Amino acid sequence: MPQQPDDSVENIRMLTESASAVVPGDGSLDRIRAARFQHPGFSRDVWMTLAEMGWLGLRLGEEKGGLALGVHEAMALSRIFGAGLVPEPFLSSLFALSLMEAAKARNWIGSALHGETIVAPAWQSVPNALDPAGGVSVKAGRLHGAKVAVAAGADVFAVTTPEGLALVPCDADGLTIKRMRMHDGTFREDLHFDAIPCEIHECEKVQDCLYEAMLLHAGFLQGTAERAFDITLEYLRLRKQFDAPIGSFQALQHRATEIKVQLELSRAAIDAAASALDGGQTERLSMAILRARSRAGGLGRLVAREAAQMHGAIGFTDEADIGLFVRKLMVEAGQFAPEYQLRAQFMSLREAAA
Amino acid sequence: MPQQPDDSVENIRMLTESASAVVPGDGSLDRIRAARFQHPGFSRDVWMTLAEMGWLGLRLGEEKGGLALGVHEAMALSRIFGAGLVPEPFLSSLFALSLMEAAKARNWIGSALHGETIVAPAWQSVPNALDPAGGVSVKAGRLHGAKVAVAAGADVFAVTTPEGLALVPCDADGLTIKRMRMHDGTFREDLHFDAIPCEIHECEKVQDCLYEAMLLHAGFLQGTAERAFDITLEYLRLRKQFDAPIGSFQALQHRATEIKVQLELSRAAIDAAASALDGGQTERLSMAILRARSRAGGLGRLVAREAAQMHGAIGFTDEADIGLFVRKLMVEAGQFAPEYQLRAQFMSLREAAA
Amino acid sequence: MTNPPFIADHPPHPDFNAMSDDAFRAVVRDFVENHYPDIPRFAQRRLRWPEVRPWYGVLAQKGWIAPTWPRELGGMGLGAGKHLVLIEEFERFGCARVHDIGTVMLGPLLMEYGTQAQRDHYLPRILRGEDIWAQGYSEPGAGSDLAALRTTAELDGDHWVISGQKTWVTLGADANMAFVLARTDKAAKKQAGISFLLVPTDATGVTVRPIENLEGHAEFCEIFFDAVRIPKANIVGEVNRGWTMAKALLGHERVFIGAPRLSANALSRLEALARGNGAWEDPVFRDRFAGLAMDLADLGDLFETYVQRLRTGASIGADVGILKIFQSELYQRISEELMQVAGSHAGIKLEEGGDSRFDAAGTYLAARPTTIFGGSTEVMRNVLARASLNLPK
Amino acid sequence: MTNPPFIADHPPHPDFNAMSDDAFRAVVRDFVENHYPDIPRFAQRRLRWPEVRPWYGVLAQKGWIAPTWPRELGGMGLGAGKHLVLIEEFERFGCARVHDIGTVMLGPLLMEYGTQAQRDHYLPRILRGEDIWAQGYSEPGAGSDLAALRTTAELDGDHWVISGQKTWVTLGADANMAFVLARTDKAAKKQAGISFLLVPTDATGVTVRPIENLEGHAEFCEIFFDAVRIPKANIVGEVNRGWTMAKALLGHERVFIGAPRLSANALSRLEALARGNGAWEDPVFRDRFAGLAMDLADLGDLFETYVQRLRTGASIGADVGILKIFQSELYQRISEELMQVAGSHAGIKLEEGGDSRFDAAGTYLAARPTTIFGGSTEVMRNVLARASLNLPK
């Protein structure tokens, strides 16, 4: 495993400090709570802040107006945003921009970096598989088909097709949008394309962009899970039953240590994959990312289950913060594909590498 | 679920009482210990006792000299033999005799019932699938191929072939026997048939016989697991660490209750399947048996793991009885087919029944 | 709140237990299919009283509101096996669950421990839907430690004066009556000195406050008692002997909490979802589904053995926890598999009135409280370890 | 027992750490393939001294018997990363594990806490194979509660007089020296009052008794001390301060107990077995295999972070338990999958000298002690809960 270079460490320190512009340093979740269930489920003002900080161009080349920082840096922000339950479609936007850069689709990139245009990737055709080419076709310059589970609130959709990338404005004729409320208070959209005229930008790096997005999302999940675990530990220390803090009960202690084990594995796997990506290693990189995302997904599910159980009845109330974390994990753990699909993909790559 | 008829209850009471002829009432394992690793791994004298009690003909029709008792009765003995770690190939013999009865192969049945001839079923061609027709073929009246994991010490093998049942004496020309020591001190044999002349007895009920054998084996496993659990509980009550009985530690208590849960599920599933079989129900009977065997297999694996862990270092010594149970479960849990094969079979039947 | 009574003018019931299971099943199915009112089926959340009232009325009028009560008291007199058939058919059709604390909990308690006057007064009112009952056991901060209650009741002349707070009262806002455990002897040890009292929720000093959950529903309430005065006669059983009665009630309830129906519903959802989105063809999914289906069927076999024991009057003891532990954990495992299979759609929040038959997240959330309420799995495992496995404290 | 010394006449080592991993790996591989003696490879059980002695000799002569000792003391001076490469190559070839208590445990302890005289005397004897050491920590009845020891040592003039019993001494019958924890102050609290003593096993009053396991091997021994007299100088560190040293030793050891190599070997076995018997083509098996393979690779990533921390001299603390907990449980899970896949052949007992590369049961049994010895998983989870998660006692 290559070491993180020193400048990356310094970048991360600075990013972490400035993140308080979006994630309050005191851990307050008031903004998060208030934004729930109000379409689009996030704040356009906060979005402008993200743009001003330059974070939307974090991974974009400097010649395109980006910061050209590494995955380790993006990961640091992703974890902080996960811990802060940030509802803005930040990772989604990074994914879309990386697709657009890879496809040399110059339109929109500038206004996207300035926060004026929000671009969301529309890459998935069934909600439980990694199929960026699926669900749509292009015939005679027109886009047909459907994509699912797209982040809401976008002005433009970056649609992956078998032929390349298509950029579709949200008000295009022939576009039908089915809006869905999610349990964490955000929204997603299923899209249907009915013969929408579009330009296709060839893009050979769709898989690369998808895998990087999965890796960053693993960091987001880990951030959410880690803070949910911290909140749960604090509850275990304070809450008393049968005249003792419930955190003193051995059965709960042993279950808590299992979360700790999974958390550390997840952190190690994510960091190793990030180092491999930043180090330009391609061999086994995809497998490392599948592992990291699978571990983080399992961690998210484990923490959601245990946080709910360990909090007991109080966790079901709207007042208790832990419920916000459980809902976020419910929504995010399933993003991209179920763990068993990731395992199947891992085995295919393992055979191919052997 | 049909109730067990009253005469079955009375039969079981009598069988249980007389079982002390083979399984000492005081729980002593001296005989079991001494017989280990001495080919054939069991006592021909005890075998004669089984014959004298009429138990080898427990499931055989009266006209053939059997007792014509139900599966519940056979199950009661099977459980007791499991708890007593009985090494004699009793279940194996019941399976072979049911095949012979179904195939109307009259030879050997009489001497088998009298204990003079031991017949073992050779039905499996790979050690991890339910394939009674596999591995062998019959060409011009001669048997070719191989079977695996056959109980040792048999005088005659009841070989299932695609065409029916073949009976092959252990000293037949062309028969090669590879003997294997098992960790519980018994032996098994892989057989290779090289053009052995044989008569083929048509048999349409191979599957039925196989499934009944699986069900009885589930009872054996449960008997072993249950006694291993009792021994472990006793150890948890007495053994002290950090100045307290280790059975007072909540983490161990919760794990112990999970064994109890699985034990009760196993018992209920086995009894329900036995009632369905005795009641002549065919619908979903196979599925019920697959469930029962799968549950008992999982139970056996769980108990082996936990008994070893909860006993700690002492469990590795030859003096501690628990090691005998762990070894027996290691050997028996894998009999027939792995649980995931049973689940696959279950799903096929479920689809067919729908 | 007053509930205008339904008329219970049904003819005397036949002895349903004498029918075959299949014949009885046909009767129930026919009734449900022809008389279920125009209210939601397969609702993911508990319906509130105004929503479920029409169905309560249909059942009351038919004389089917109290399936397990003796026929002579206005019930159906069903044995456990027939009761299971009834439940299965109701679930198959997706019937809403009516407010049943009165029929399931208070009724049987009054039959065993109540005075004749209490029976005569309260039982018919339950059958007619005049009284909707709530259960006040849990208190803030006590959680699974039910006996750690701080609500008090003191005798003042001919009245009990109750002060304190109850929480997690299911559908408490819909009830006009509540039964409450209160401490009537402060000097006694934890479990002793507790009595079982009957309180109208419109009495002076009672405040009912809904607890809004994250979905914005108020399935649960808090109830505050501020020097609430109720007649001295509103006690069930002897003074300071309420704990034993409450525990007995919970034990009996647990057999039915352990019934496979919640898990069976969830598994049907899982099959429907997987058939819809392609997972059904994936052998890896099928293996996991098979494991869950086998778990469910085994649970059914185990449940049946307990039902038989209830039927023959045999005692069950601490082992009854086994059913609830396994069923609630199975329910959760199925719901987690639903979430896996739903993938990026897993977190969708069903719109009000939406089709719950594919609702992964709703099932996931509905499954959470089952390991907490009615005895948490942790506490039940403690009890099982001591009482059934005889492990040391 | 006396061990004729091997001559350690190797030239001074180059700085292996300056080489690339790949280059070093090639050196190791070449050495192993050309110099491994004619003794078993891929042995399922620990080989006894007469069996493994030739390999010890080859390593001693090459100067490779102590990979992590400083070069100036006769070691290879390997950093953690290079050490891992060495281990990987040894495992890949199936090299037998030599008797390494002296190099792994006693050597580093003497370097840190021993006197100059002790270092000068004992370290070369280990390098030359003259002293084979055994570790006497556990006592009958104490199990994971190491500090509950009852072996005593009292000063009598210029000698310590030791009485008591040690158990689960790995390969104790092969050792001529043992280091022993003994209580030297009976009045002190549990962990205080313990000293670290060095005892020749041929001293009068020492009895070594093999513990036969169910496979008929005697990998472990009991050692009895009946008023055994040893020189006063045979103590490491200060009197009554042995506990801290022993604990430090265990902590360091645990990083390497957490190394992925045991699980990696088991997974190779699983792949070989499944490819041989058809399971490899089964998507359900492949899914489970993938899960285990991913677990193993993640463990490798985590192990690497600990190795880096050791390399940079950072402290690790209670978290080190995470590695051992996960690796030992993973090893067991892989071994259980081996048992599943082996089906009716799962219980076969390998013949002496048989090919262990498909040995399911042997792997299963070998995996059992890893969650018990060197700190049981239960005790390590207790420690982790308190020290790392700060949960209350």
# chains A, B, ... in the order shown; residues from 1 in each chain; ligands from 1
$ closest_atom_pairs --of "chain B" --to "chain A" --cutoff "10 Å" --atoms "only C-alpha atoms" --output "tab-separated table"
residue	atom	partner	partner_atom	distance
B:Phe249	CA	A:Gln250	CA	7.0
B:Gln250	CA	A:Ala251	CA	5.4
B:Ala251	CA	A:Ala251	CA	4.1
B:Leu252	CA	A:Ala251	CA	7.9
B:Gln253	CA	A:Ala251	CA	8.4
B:His254	CA	A:Ala251	CA	6.9
B:Arg255	CA	A:Ala251	CA	9.0
$ interface_residues --of "chain D" --to "chain B" --cutoff "9 Å" --atoms "only C-alpha atoms" --output "ChimeraX atom specification"
/D:141-145,148,168,211-216,277,279,284-285,332,336,339-351,361,364,368-369,371-373,376,378
$ interface_residues --of "chain C" --to "chain D" --cutoff "10 Å" --atoms "only C-alpha atoms" --output "MDAnalysis selection string"
chainID C and resid 282:288
$ atom_distance --atom1 "CA of Ala292 in chain B" --atom2 "CA of Asp298 in chain C"
8.0 Å
$ atom_distance --atom1 "CA of Ser98 in chain A" --atom2 "CA of Glu73 in chain A"
15.4 Å
$ atom_distance --atom1 "CA of Pro162 in chain B" --atom2 "CA of Lys147 in chain B"
12.9 Å
$ residues_around --residues "Glu199 in chain A" --least-positions-apart "2" --cutoff "7 Å" --atoms "only C-alpha atoms" --output "PDB file with all heavy atoms, in the first residue's frame"
ATOM      1  N   GLY A 141     -30.506   9.502 -33.072  1.00  0.00           N
ATOM      2  CA  GLY A 141     -30.268  10.729 -32.314  1.00  0.00           C
ATOM      3  C   GLY A 141     -31.285  11.019 -31.232  1.00  0.00           C
ATOM      4  O   GLY A 141     -31.327  12.123 -30.695  1.00  0.00           O
ATOM      5  N   ALA A 166     -25.241  11.130 -22.548  1.00  0.00           N
ATOM      6  CA  ALA A 166     -26.190  12.111 -23.062  1.00  0.00           C
ATOM      7  C   ALA A 166     -26.535  13.078 -21.944  1.00  0.00           C
ATOM      8  O   ALA A 166     -26.744  12.656 -20.810  1.00  0.00           O
ATOM      9  CB  ALA A 166     -27.454  11.412 -23.569  1.00  0.00           C
ATOM     10  N   HIS A 201     -21.971  11.826 -26.288  1.00  0.00           N
ATOM     11  CA  HIS A 201     -20.533  12.028 -26.121  1.00  0.00           C
ATOM     12  C   HIS A 201     -19.896  10.694 -25.783  1.00  0.00           C
ATOM     13  O   HIS A 201     -20.201  10.109 -24.736  1.00  0.00           O
ATOM     14  CB  HIS A 201     -20.264  13.018 -24.975  1.00  0.00           C
ATOM     15  CG  HIS A 201     -21.001  14.304 -25.133  1.00  0.00           C
ATOM     16  ND1 HIS A 201     -20.476  15.399 -25.770  1.00  0.00           N
ATOM     17  CD2 HIS A 201     -22.260  14.662 -24.753  1.00  0.00           C
ATOM     18  CE1 HIS A 201     -21.365  16.379 -25.765  1.00  0.00           C
ATOM     19  NE2 HIS A 201     -22.454  15.959 -25.145  1.00  0.00           N
TER      20      HIS A 201
END
$ select_by_dssp --residues "range 124-283 of chain C" --states "strand (DSSP E)" --output "JSON, numbers by chain"
{"C": [133, 134, 135, 136, 152, 153, 154, 155, 156, 159, 160, 161, 162, 163, 164, 165, 166, 167, 168, 169, 170, 177, 178, 179, 180, 181, 182, 183, 194, 195, 196, 197, 198, 199, 200, 206, 207, 208, 209, 210, 211, 220, 221, 222, 223, 224, 225, 226, 227, 228, 229, 230, 231, 235, 236]}
$ residues_around --residues "range 131-137 of chain C" --least-positions-apart "3" --cutoff "10 Å" --atoms "only C-alpha atoms" --output "PyMOL selection string"
chain C and resi 1-5+49+99-103+105-106+122-128+142-143+146-147+149+151+165-182+196-201+221-223+246
$ write_last_selection --atoms "N, CA and C atoms" --output "short mmCIF file (atom, residue, chain, number, x, y, z; two decimals), in the first residue's frame"
data_model
loop_
_atom_site.label_atom_id
_atom_site.label_comp_id
_atom_site.auth_asym_id
_atom_site.auth_seq_id
_atom_site.Cartn_x
_atom_site.Cartn_y
_atom_site.Cartn_z
N MET C 1 -64.03 11.19 25.31
CA MET C 1 -64.44 10.54 24.05
C MET C 1 -65.50 9.49 24.35
N THR C 2 -66.57 9.47 23.58
CA THR C 2 -67.55 8.40 23.73
C THR C 2 -67.65 7.65 22.42
N ASN C 3 -67.86 6.39 22.55
CA ASN C 3 -67.99 5.55 21.36
C ASN C 3 -69.41 5.02 21.29
N PRO C 4 -70.19 5.48 20.31
CA PRO C 4 -71.55 4.95 20.17
C PRO C 4 -71.47 3.44 19.93
N PRO C 5 -72.26 2.68 20.65
CA PRO C 5 -72.11 1.23 20.60
C PRO C 5 -72.58 0.64 19.28
N TRP C 49 -58.55 4.89 15.04
CA TRP C 49 -59.93 4.48 15.30
C TRP C 49 -60.93 4.91 14.23
N HIS C 99 -58.64 -2.39 17.07
CA HIS C 99 -58.17 -2.08 18.42
C HIS C 99 -58.56 -3.26 19.32
N ASP C 100 -57.57 -4.02 19.76
CA ASP C 100 -57.88 -5.31 20.36
C ASP C 100 -57.32 -5.49 21.78
N ILE C 101 -56.90 -4.40 22.40
CA ILE C 101 -56.37 -4.54 23.76
C ILE C 101 -57.49 -5.03 24.70
N GLY C 102 -58.71 -4.57 24.46
CA GLY C 102 -59.83 -4.99 25.29
C GLY C 102 -60.12 -6.48 25.15
N THR C 103 -60.17 -6.96 23.92
CA THR C 103 -60.51 -8.37 23.73
C THR C 103 -59.35 -9.29 24.07
N MET C 105 -56.43 -8.54 25.94
CA MET C 105 -55.77 -8.43 27.22
C MET C 105 -56.72 -8.25 28.39
N LEU C 106 -57.55 -7.19 28.33
CA LEU C 106 -58.34 -6.93 29.53
C LEU C 106 -59.43 -7.98 29.74
N TYR C 122 -67.97 -4.43 32.05
CA TYR C 122 -66.98 -4.12 31.02
C TYR C 122 -67.02 -5.02 29.78
N LEU C 123 -67.27 -6.32 29.97
CA LEU C 123 -67.16 -7.22 28.81
C LEU C 123 -68.11 -6.84 27.68
N PRO C 124 -69.39 -6.61 27.97
CA PRO C 124 -70.29 -6.23 26.87
C PRO C 124 -69.88 -4.92 26.20
N ARG C 125 -69.35 -4.00 26.99
CA ARG C 125 -68.95 -2.72 26.41
C ARG C 125 -67.79 -2.90 25.41
N ILE C 126 -66.94 -3.87 25.68
CA ILE C 126 -65.87 -4.16 24.72
C ILE C 126 -66.46 -4.75 23.44
N LEU C 127 -67.39 -5.72 23.64
CA LEU C 127 -67.99 -6.37 22.47
C LEU C 127 -68.71 -5.37 21.58
N ARG C 128 -69.30 -4.35 22.20
CA ARG C 128 -70.07 -3.37 21.42
C ARG C 128 -69.23 -2.19 20.95
N ALA C 142 -37.85 3.46 32.29
CA ALA C 142 -37.84 2.09 32.82
C ALA C 142 -37.56 1.08 31.72
N GLY C 143 -38.05 1.34 30.53
CA GLY C 143 -37.77 0.45 29.40
C GLY C 143 -38.21 -0.97 29.70
N LEU C 146 -39.87 -3.40 33.55
CA LEU C 146 -41.26 -2.98 33.79
C LEU C 146 -41.55 -2.69 35.26
N ALA C 147 -40.93 -3.48 36.14
CA ALA C 147 -41.28 -3.36 37.55
C ALA C 147 -40.71 -2.09 38.19
N LEU C 149 -41.47 0.82 38.19
CA LEU C 149 -42.44 1.88 37.89
C LEU C 149 -42.58 2.85 39.04
N THR C 151 -45.22 5.43 38.91
CA THR C 151 -46.59 5.92 39.04
C THR C 151 -47.17 5.38 40.35
N GLN C 165 -46.78 8.88 35.17
CA GLN C 165 -46.73 9.00 33.72
C GLN C 165 -46.50 7.61 33.10
N LYS C 166 -47.23 7.34 32.04
CA LYS C 166 -47.01 6.11 31.27
C LYS C 166 -46.58 6.50 29.87
N THR C 167 -45.84 5.63 29.23
CA THR C 167 -45.40 5.96 27.87
C THR C 167 -45.49 4.73 26.98
N TRP C 168 -45.29 4.92 25.69
CA TRP C 168 -45.40 3.85 24.71
C TRP C 168 -46.76 3.14 24.80
N VAL C 169 -47.81 3.94 25.01
CA VAL C 169 -49.15 3.38 25.08
C VAL C 169 -49.67 3.27 23.65
N THR C 170 -49.84 2.02 23.20
CA THR C 170 -50.26 1.80 21.81
C THR C 170 -51.64 2.39 21.55
N LEU C 171 -51.74 3.22 20.54
CA LEU C 171 -53.00 3.83 20.12
C LEU C 171 -53.74 4.47 21.29
N GLY C 172 -52.98 4.99 22.22
CA GLY C 172 -53.56 5.57 23.44
C GLY C 172 -54.53 6.71 23.15
N ALA C 173 -54.29 7.45 22.07
CA ALA C 173 -55.14 8.60 21.78
C ALA C 173 -56.54 8.17 21.34
N ASP C 174 -56.70 6.90 20.98
CA ASP C 174 -58.00 6.40 20.54
C ASP C 174 -58.82 5.79 21.68
N ALA C 175 -58.20 5.64 22.84
CA ALA C 175 -58.85 4.90 23.92
C ALA C 175 -59.66 5.81 24.83
N ASN C 176 -60.74 5.29 25.36
CA ASN C 176 -61.47 6.01 26.40
C ASN C 176 -61.24 5.40 27.77
N MET C 177 -60.61 4.24 27.78
CA MET C 177 -60.28 3.58 29.05
C MET C 177 -58.83 3.09 29.00
N ALA C 178 -58.19 3.09 30.18
CA ALA C 178 -56.83 2.56 30.24
C ALA C 178 -56.69 1.68 31.46
N PHE C 179 -55.97 0.58 31.35
CA PHE C 179 -55.59 -0.13 32.57
C PHE C 179 -54.13 0.15 32.85
N VAL C 180 -53.86 0.34 34.12
CA VAL C 180 -52.61 0.97 34.53
C VAL C 180 -52.02 0.19 35.70
N LEU C 181 -50.72 -0.04 35.65
CA LEU C 181 -50.03 -0.57 36.83
C LEU C 181 -49.52 0.61 37.65
N ALA C 182 -49.85 0.59 38.94
CA ALA C 182 -49.38 1.69 39.80
C ALA C 182 -48.87 1.12 41.11
N PHE C 196 -53.37 -3.09 39.95
CA PHE C 196 -53.88 -3.04 38.58
C PHE C 196 -55.17 -2.23 38.57
N LEU C 197 -55.14 -1.02 38.00
CA LEU C 197 -56.25 -0.09 38.11
C LEU C 197 -56.87 0.25 36.76
N LEU C 198 -58.18 0.57 36.78
CA LEU C 198 -58.91 0.89 35.56
C LEU C 198 -59.27 2.37 35.55
N VAL C 199 -58.84 3.10 34.53
CA VAL C 199 -58.94 4.56 34.54
C VAL C 199 -59.61 5.08 33.27
N PRO C 200 -60.68 5.84 33.40
CA PRO C 200 -61.25 6.51 32.21
C PRO C 200 -60.30 7.63 31.78
N THR C 201 -60.05 7.74 30.50
CA THR C 201 -59.09 8.75 30.06
C THR C 201 -59.69 10.15 30.02
N CYS C 221 -48.58 6.88 22.51
CA CYS C 221 -48.86 8.08 23.29
C CYS C 221 -48.15 8.03 24.62
N GLU C 222 -48.03 9.19 25.21
CA GLU C 222 -47.74 9.29 26.64
C GLU C 222 -49.04 9.63 27.35
N ILE C 223 -49.23 9.11 28.54
CA ILE C 223 -50.39 9.51 29.35
C ILE C 223 -49.88 10.02 30.68
N ALA C 246 -50.25 -9.03 35.74
CA ALA C 246 -49.71 -8.40 34.54
C ALA C 246 -48.73 -9.34 33.84
#
$ residues_around --residues "range 284-289 of chain B" --least-positions-apart "6" --cutoff "10 Å" --atoms "only C-alpha atoms" --output "JSON, numbers by chain"
{"B": [207, 208, 211, 212, 213, 214, 215, 216, 218, 269, 270, 271, 272, 273, 274, 275, 276, 277, 295, 342, 343, 345, 346, 347, 348, 349, 350, 353], "C": [294, 297, 298, 301]}
$ select_by_dssp --residues "range 131-234 of chain B" --states "alpha helix (DSSP H)" --output "JSON, numbers by chain"
{"B": [206, 207, 208, 209, 210, 211, 212, 213, 214, 215, 216, 217, 218, 219, 220, 221, 222, 223, 224, 225, 226, 227, 228, 229, 230, 231, 232, 233, 234]}
$ write_last_selection --atoms "C-alpha atoms" --output "compact mmCIF listing (two decimals), in the first residue's frame"
# COMPACT_ATOMS: atom_id res chain seq x y z
CA VAL B 206 -34.97 -44.88 -3.82
CA GLN B 207 -35.84 -41.22 -3.16
CA ASP B 208 -38.35 -42.16 -0.47
CA CYS B 209 -35.82 -44.38 1.27
CA LEU B 210 -33.16 -41.69 1.01
CA TYR B 211 -35.43 -39.04 2.48
CA GLU B 212 -36.50 -41.24 5.37
CA ALA B 213 -32.84 -41.96 6.06
CA MET B 214 -32.12 -38.24 6.08
CA LEU B 215 -34.92 -37.63 8.51
CA LEU B 216 -33.75 -40.32 10.93
CA HIS B 217 -30.25 -38.96 10.66
CA ALA B 218 -31.57 -35.54 11.66
CA GLY B 219 -32.81 -37.18 14.86
CA PHE B 220 -29.41 -38.73 15.48
CA LEU B 221 -27.74 -35.34 15.07
CA GLN B 222 -30.21 -33.76 17.40
CA GLY B 223 -29.57 -36.37 20.05
CA THR B 224 -25.84 -35.77 19.84
CA ALA B 225 -26.24 -32.00 19.85
CA GLU B 226 -28.65 -32.00 22.74
CA ARG B 227 -26.41 -34.01 25.02
CA ALA B 228 -23.37 -31.97 24.02
CA PHE B 229 -25.35 -28.88 24.95
CA ASP B 230 -26.31 -30.37 28.32
CA ILE B 231 -22.68 -31.18 29.06
CA THR B 232 -21.71 -27.65 28.08
CA LEU B 233 -24.40 -26.11 30.27
CA GLU B 234 -23.17 -28.15 33.19
$ residues_around --residues "Arg142 in chain A" --least-positions-apart "6" --cutoff "6 Å" --atoms "only C-alpha atoms" --output "number ranges by chain"
A: 195-198
$ residues_around --residues "Asp21 in chain C" --least-positions-apart "6" --cutoff "10 Å" --atoms "only C-alpha atoms" --output "list in words"
Val27, Gly81, Lys82, Leu84, Val85 and Leu86 of chain C
